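The structure under discussion appears below in the form of structure tokens.
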Amino acid sequence: MVSLTNGLEKCAAQKWHPTLIVDPPERKEFAFDSMDDALAAFKAGEFLVVMDDESRENEGDLIIAGSLCTTEKMAWMIKHTSGYICVALTPDRVAELQLPMMVAENQDRHRTAYTVTVDYKHGTTTGISAHDRALTARALATPTCSADDFVRPGHIVPLRAREGGILTRRGHTESGVDLCMLSALPQAGILCELVNDNAEGSMMRRDDCRAFADRWGLKMISVEMLAEARRQ
């Protein structure tokens with residue numbers, strides 16, 4: 001058994017957490033943040049807002065490195081998203097953990113590769129709390145954790161990224177893995193869709209995501225920007 005409750009819980013020593021900015025500067029026109037600034041923030045354990053193409057899902061996801069996610073960060077993420085927390089993994093890591101696909105025939109519109117859900121076996125209770133889900137995410141990001149360290153089904157949804165990452169599929173799944181790779185972090189990215197705080201719980205679109213990022217001091221990039229960074 002790998003001790004994550006003591007070892008990786010030390011990532012909580014990074015006390016960064018999203019801070020609400022009461023009166024963010026008003027933007028005269030829409031703009032993304034720079035890729036360099038975004039990668040520096042991501043490597044420091046901060047969330048990014050990642051927007052996909054308007055002709056695809058036209059949604060923004062919060063993405064954070066699985067290896068750097070604390071209980072507090074997970075709780076904040078759950079509060080501001082749909083709560084369907086996923087962890088993007090490489091095909092090799094999915095194979096190592098012996099995670100079968102969720103269904104034999106994938107009928108998802110964008111062929112998102114969901115595997116069976118998991119919980120980390122050690123130091124968790126029901127698996128659904130922010131503590132338990134953060135611990136499971138960190139375990140998925142820990143190379144020394146094996147298939148035997150997880151129970152199935154669970155409350156975290158692993159996703160299998162495509163080989164070649166964002167260059168072969170313009171999805172948030174591949175964005176999560178590639179952001180970790182470009183930041184020299186274990187390739188396990190936590191992601192979830194941003195939703196509006198309204199009666200309908202509607203999806204945030206581009207301008208909603210930009211306002212949210214500014215309000216919380218987060219960097220915002222696009223999937224296409226990430227693909228360009230991979231090409232360089």
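Every chain in the structure tokens takes a letter, A first, then B, and so on in the order presented; its residues are numbered from 1, and the ligands are numbered from 1 following the presented order.
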
Next on the checklist: as a ChimeraX atom specification, please: every residue in stretch 65-139 of chain A that a backbone DSSP assignment puts in alpha helix (DSSP H).
Outcome noted: /A:71-80,91-96,130-139

Item to check | Shell of 12 Å around A:Phe212, only C-alpha atoms, local chain residues under 4 positions omitted, as a count of residues only | outcome: 29

Checklist entry - What is the atom CA of A:Gly83 to atom CA of A:Ala188 distance in Å? => result 17.7 Å

Next on the checklist: Excluding stretch 171-185 of chain A and its own-chain neighbours fewer than 3 positions away, which residues fall within 8 Å of it when counting only C-alpha atoms? Please give them as an MDAnalysis selection string.
Outcome noted: chainID A and resid 39:40 42:43 50 52 61 63:65 67 87:90 112 159:162 165:166 188:191 223 226 230

Please, could you write that set of residues out with N, CA and C atoms as a PDB file, in the first residue's frame?
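Wrote again-v8.pdb, looks like this:
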ATOM      1  N   LEU A  39       0.876  27.818 -18.097  1.00  0.00           N
ATOM      2  CA  LEU A  39       1.667  26.654 -17.706  1.00  0.00           C
ATOM      3  C   LEU A  39       2.358  26.875 -16.365  1.00  0.00           C
ATOM      4  N   ALA A  40       2.825  28.091 -16.126  1.00  0.00           N
ATOM      5  CA  ALA A  40       3.456  28.395 -14.842  1.00  0.00           C
ATOM      6  C   ALA A  40       2.446  28.247 -13.702  1.00  0.00           C
ATOM      7  N   PHE A  42      -0.327  26.395 -13.776  1.00  0.00           N
ATOM      8  CA  PHE A  42      -0.700  24.986 -13.674  1.00  0.00           C
ATOM      9  C   PHE A  42       0.358  24.196 -12.899  1.00  0.00           C
ATOM     10  N   LYS A  43       1.619  24.445 -13.201  1.00  0.00           N
ATOM     11  CA  LYS A  43       2.709  23.736 -12.530  1.00  0.00           C
ATOM     12  C   LYS A  43       2.749  24.073 -11.042  1.00  0.00           C
ATOM     13  N   VAL A  50     -10.086  25.950 -19.369  1.00  0.00           N
ATOM     14  CA  VAL A  50      -9.715  25.552 -20.727  1.00  0.00           C
ATOM     15  C   VAL A  50     -10.972  25.480 -21.581  1.00  0.00           C
ATOM     16  N   ASP A  52     -12.926  24.805 -25.147  1.00  0.00           N
ATOM     17  CA  ASP A  52     -12.793  24.117 -26.427  1.00  0.00           C
ATOM     18  C   ASP A  52     -13.447  24.934 -27.530  1.00  0.00           C
ATOM     19  N   ASP A  61     -13.781  23.921 -19.179  1.00  0.00           N
ATOM     20  CA  ASP A  61     -13.527  23.002 -18.072  1.00  0.00           C
ATOM     21  C   ASP A  61     -12.516  23.606 -17.112  1.00  0.00           C
ATOM     22  N   ILE A  63      -9.407  22.600 -15.053  1.00  0.00           N
ATOM     23  CA  ILE A  63      -8.433  21.513 -15.095  1.00  0.00           C
ATOM     24  C   ILE A  63      -7.324  21.825 -14.098  1.00  0.00           C
ATOM     25  N   ILE A  64      -6.919  20.807 -13.345  1.00  0.00           N
ATOM     26  CA  ILE A  64      -5.835  20.934 -12.384  1.00  0.00           C
ATOM     27  C   ILE A  64      -5.040  19.626 -12.395  1.00  0.00           C
ATOM     28  N   ALA A  65      -3.771  19.701 -12.072  1.00  0.00           N
ATOM     29  CA  ALA A  65      -2.939  18.503 -12.020  1.00  0.00           C
ATOM     30  C   ALA A  65      -3.403  17.598 -10.886  1.00  0.00           C
ATOM     31  N   SER A  67      -1.832  15.338  -9.309  1.00  0.00           N
ATOM     32  CA  SER A  67      -0.823  15.167  -8.269  1.00  0.00           C
ATOM     33  C   SER A  67      -0.795  16.317  -7.277  1.00  0.00           C
ATOM     34  N   VAL A  87     -10.758  12.178 -14.291  1.00  0.00           N
ATOM     35  CA  VAL A  87      -9.301  12.262 -14.308  1.00  0.00           C
ATOM     36  C   VAL A  87      -8.803  11.672 -15.622  1.00  0.00           C
ATOM     37  N   ALA A  88      -8.176  12.520 -16.435  1.00  0.00           N
ATOM     38  CA  ALA A  88      -7.646  12.083 -17.727  1.00  0.00           C
ATOM     39  C   ALA A  88      -6.307  11.387 -17.525  1.00  0.00           C
ATOM     40  N   LEU A  89      -6.168  10.210 -18.128  1.00  0.00           N
ATOM     41  CA  LEU A  89      -4.962   9.395 -17.999  1.00  0.00           C
ATOM     42  C   LEU A  89      -4.463   8.976 -19.370  1.00  0.00           C
ATOM     43  N   THR A  90      -3.193   8.636 -19.443  1.00  0.00           N
ATOM     44  CA  THR A  90      -2.639   8.113 -20.689  1.00  0.00           C
ATOM     45  C   THR A  90      -3.161   6.700 -20.930  1.00  0.00           C
ATOM     46  N   THR A 112     -15.812  10.318 -25.972  1.00  0.00           N
ATOM     47  CA  THR A 112     -15.036  10.422 -24.737  1.00  0.00           C
ATOM     48  C   THR A 112     -14.879   9.023 -24.154  1.00  0.00           C
ATOM     49  N   LEU A 159     -10.614   8.841 -17.479  1.00  0.00           N
ATOM     50  CA  LEU A 159     -10.818   8.961 -18.925  1.00  0.00           C
ATOM     51  C   LEU A 159      -9.524   8.561 -19.625  1.00  0.00           C
ATOM     52  N   ARG A 160      -9.633   7.795 -20.688  1.00  0.00           N
ATOM     53  CA  ARG A 160      -8.446   7.396 -21.461  1.00  0.00           C
ATOM     54  C   ARG A 160      -8.223   8.395 -22.586  1.00  0.00           C
ATOM     55  N   ALA A 161      -7.104   9.094 -22.508  1.00  0.00           N
ATOM     56  CA  ALA A 161      -6.752  10.054 -23.568  1.00  0.00           C
ATOM     57  C   ALA A 161      -6.270   9.299 -24.802  1.00  0.00           C
ATOM     58  N   ARG A 162      -6.377   9.939 -25.938  1.00  0.00           N
ATOM     59  CA  ARG A 162      -5.874   9.347 -27.178  1.00  0.00           C
ATOM     60  C   ARG A 162      -4.354   9.429 -27.232  1.00  0.00           C
ATOM     61  N   GLY A 165      -2.291  12.729 -27.826  1.00  0.00           N
ATOM     62  CA  GLY A 165      -2.875  13.826 -27.069  1.00  0.00           C
ATOM     63  C   GLY A 165      -3.690  14.795 -27.905  1.00  0.00           C
ATOM     64  N   ILE A 166      -3.526  16.064 -27.591  1.00  0.00           N
ATOM     65  CA  ILE A 166      -4.331  17.121 -28.195  1.00  0.00           C
ATOM     66  C   ILE A 166      -4.107  17.242 -29.699  1.00  0.00           C
ATOM     67  N   ALA A 188      -1.820  13.004 -15.190  1.00  0.00           N
ATOM     68  CA  ALA A 188      -3.174  12.740 -14.704  1.00  0.00           C
ATOM     69  C   ALA A 188      -3.810  14.086 -14.413  1.00  0.00           C
ATOM     70  N   GLY A 189      -4.720  14.512 -15.273  1.00  0.00           N
ATOM     71  CA  GLY A 189      -5.347  15.822 -15.133  1.00  0.00           C
ATOM     72  C   GLY A 189      -6.792  15.710 -14.692  1.00  0.00           C
ATOM     73  N   ILE A 190      -7.136  16.391 -13.613  1.00  0.00           N
ATOM     74  CA  ILE A 190      -8.525  16.405 -13.140  1.00  0.00           C
ATOM     75  C   ILE A 190      -9.296  17.456 -13.921  1.00  0.00           C
ATOM     76  N   LEU A 191     -10.493  17.110 -14.362  1.00  0.00           N
ATOM     77  CA  LEU A 191     -11.273  18.059 -15.146  1.00  0.00           C
ATOM     78  C   LEU A 191     -12.764  17.924 -14.898  1.00  0.00           C
ATOM     79  N   VAL A 223      -8.179  25.132 -26.175  1.00  0.00           N
ATOM     80  CA  VAL A 223      -7.635  23.857 -26.641  1.00  0.00           C
ATOM     81  C   VAL A 223      -6.685  24.088 -27.816  1.00  0.00           C
ATOM     82  N   LEU A 226      -3.300  25.158 -26.710  1.00  0.00           N
ATOM     83  CA  LEU A 226      -2.552  24.013 -26.186  1.00  0.00           C
ATOM     84  C   LEU A 226      -1.988  23.167 -27.319  1.00  0.00           C
ATOM     85  N   ARG A 230       1.945  22.258 -28.175  1.00  0.00           N
ATOM     86  CA  ARG A 230       2.446  20.894 -28.429  1.00  0.00           C
ATOM     87  C   ARG A 230       3.224  20.820 -29.739  1.00  0.00           C
TER      88      ARG A 230
END

Checklist entry - For the atom pair atom CA of A:Thr115 and atom CA of A:Leu99, what is the interatomic distance in Å to one decimal place? => result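 Rounded to one decimal, the two atoms are 6.0 Å apart.
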
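DSSP secondary structure from the backbone places Phe150, Val151, Arg152, Pro153, Gly154, His155, Ile156, Val157, Pro158, Leu159, Arg160, Ala188, Gly189, Ile190, Leu191, Cys192, Glu193, Leu194, Val195, Met203, Lys219, Met220, Ile221 and Ser222 of chain A of stretch 142-226 of chain A in strand (DSSP E or B).
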
Checklist entry - Taking into account only C-alpha atoms, which residue in the set A:Ala41, A:Ile221, A:Val157, A:Ala199 is nearest to A:Leu140? => result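 Selected residue with least distance to A:Leu140: A:Val157.
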
Item to check | Spatial neighbours of A:Gly127, max dist 12 Å, only C-alpha atoms, sep filter under 4 positions, as a PyMOL selection string | outcome: chain A and resi 117-123+131-137+150-157

So that I have them on file, write out the residues from the current selection with C-alpha atoms, as a PDB file, in the first residue's frame.
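The resulting part_9.pdb:
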ATOM      1  CA  THR A 117     -15.280   4.439 -11.986  1.00  0.00           C
ATOM      2  CA  VAL A 118     -12.865   4.001  -9.075  1.00  0.00           C
ATOM      3  CA  ASP A 119     -12.140   4.929  -5.464  1.00  0.00           C
ATOM      4  CA  TYR A 120      -8.759   4.724  -3.759  1.00  0.00           C
ATOM      5  CA  LYS A 121      -8.897   1.826  -1.316  1.00  0.00           C
ATOM      6  CA  HIS A 122      -6.848   3.262   1.548  1.00  0.00           C
ATOM      7  CA  GLY A 123      -7.799   6.161   3.807  1.00  0.00           C
ATOM      8  CA  HIS A 131     -11.216  14.448   0.750  1.00  0.00           C
ATOM      9  CA  ASP A 132     -11.829  11.002  -0.735  1.00  0.00           C
ATOM     10  CA  ARG A 133     -12.070  12.204  -4.318  1.00  0.00           C
ATOM     11  CA  ALA A 134      -8.878  14.273  -3.996  1.00  0.00           C
ATOM     12  CA  LEU A 135      -7.109  11.262  -2.506  1.00  0.00           C
ATOM     13  CA  THR A 136      -8.321   9.030  -5.347  1.00  0.00           C
ATOM     14  CA  ALA A 137      -7.166  11.567  -7.937  1.00  0.00           C
ATOM     15  CA  PHE A 150      -8.508   0.853  -6.128  1.00  0.00           C
ATOM     16  CA  VAL A 151     -12.041  -0.433  -5.740  1.00  0.00           C
ATOM     17  CA  ARG A 152     -14.558  -0.475  -8.573  1.00  0.00           C
ATOM     18  CA  PRO A 153     -17.070   1.102  -8.998  1.00  0.00           C
ATOM     19  CA  GLY A 154     -16.274   4.382  -7.294  1.00  0.00           C
ATOM     20  CA  HIS A 155     -16.772   8.126  -7.425  1.00  0.00           C
ATOM     21  CA  ILE A 156     -13.989   9.310  -9.751  1.00  0.00           C
ATOM     22  CA  VAL A 157     -14.295   8.793 -13.499  1.00  0.00           C
TER      23      VAL A 157
END

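The gap separating atom CA of A:Arg27 from atom CA of A:Asp214 is 9.4 Å, in Å to one decimal.
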
Item to check | Residue nearest A:Gln232 - candidates A:Thr144, A:Gln187, A:Leu167, A:Glu72, atoms counted: only C-alpha atoms | outcome: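 Going through A:Thr144, A:Gln187, A:Leu167, A:Glu72 one by one, the smallest distance to A:Gln232 is for A:Leu167.
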
Checklist entry - Pick the closest to A:Met102 from A:Ile128, A:Tyr114, A:Ala38, A:Lys73: which is it, counting only C-alpha atoms? => result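 Between A:Ile128, A:Tyr114, A:Ala38, A:Lys73, the residue approaching A:Met102 most closely is A:Tyr114.
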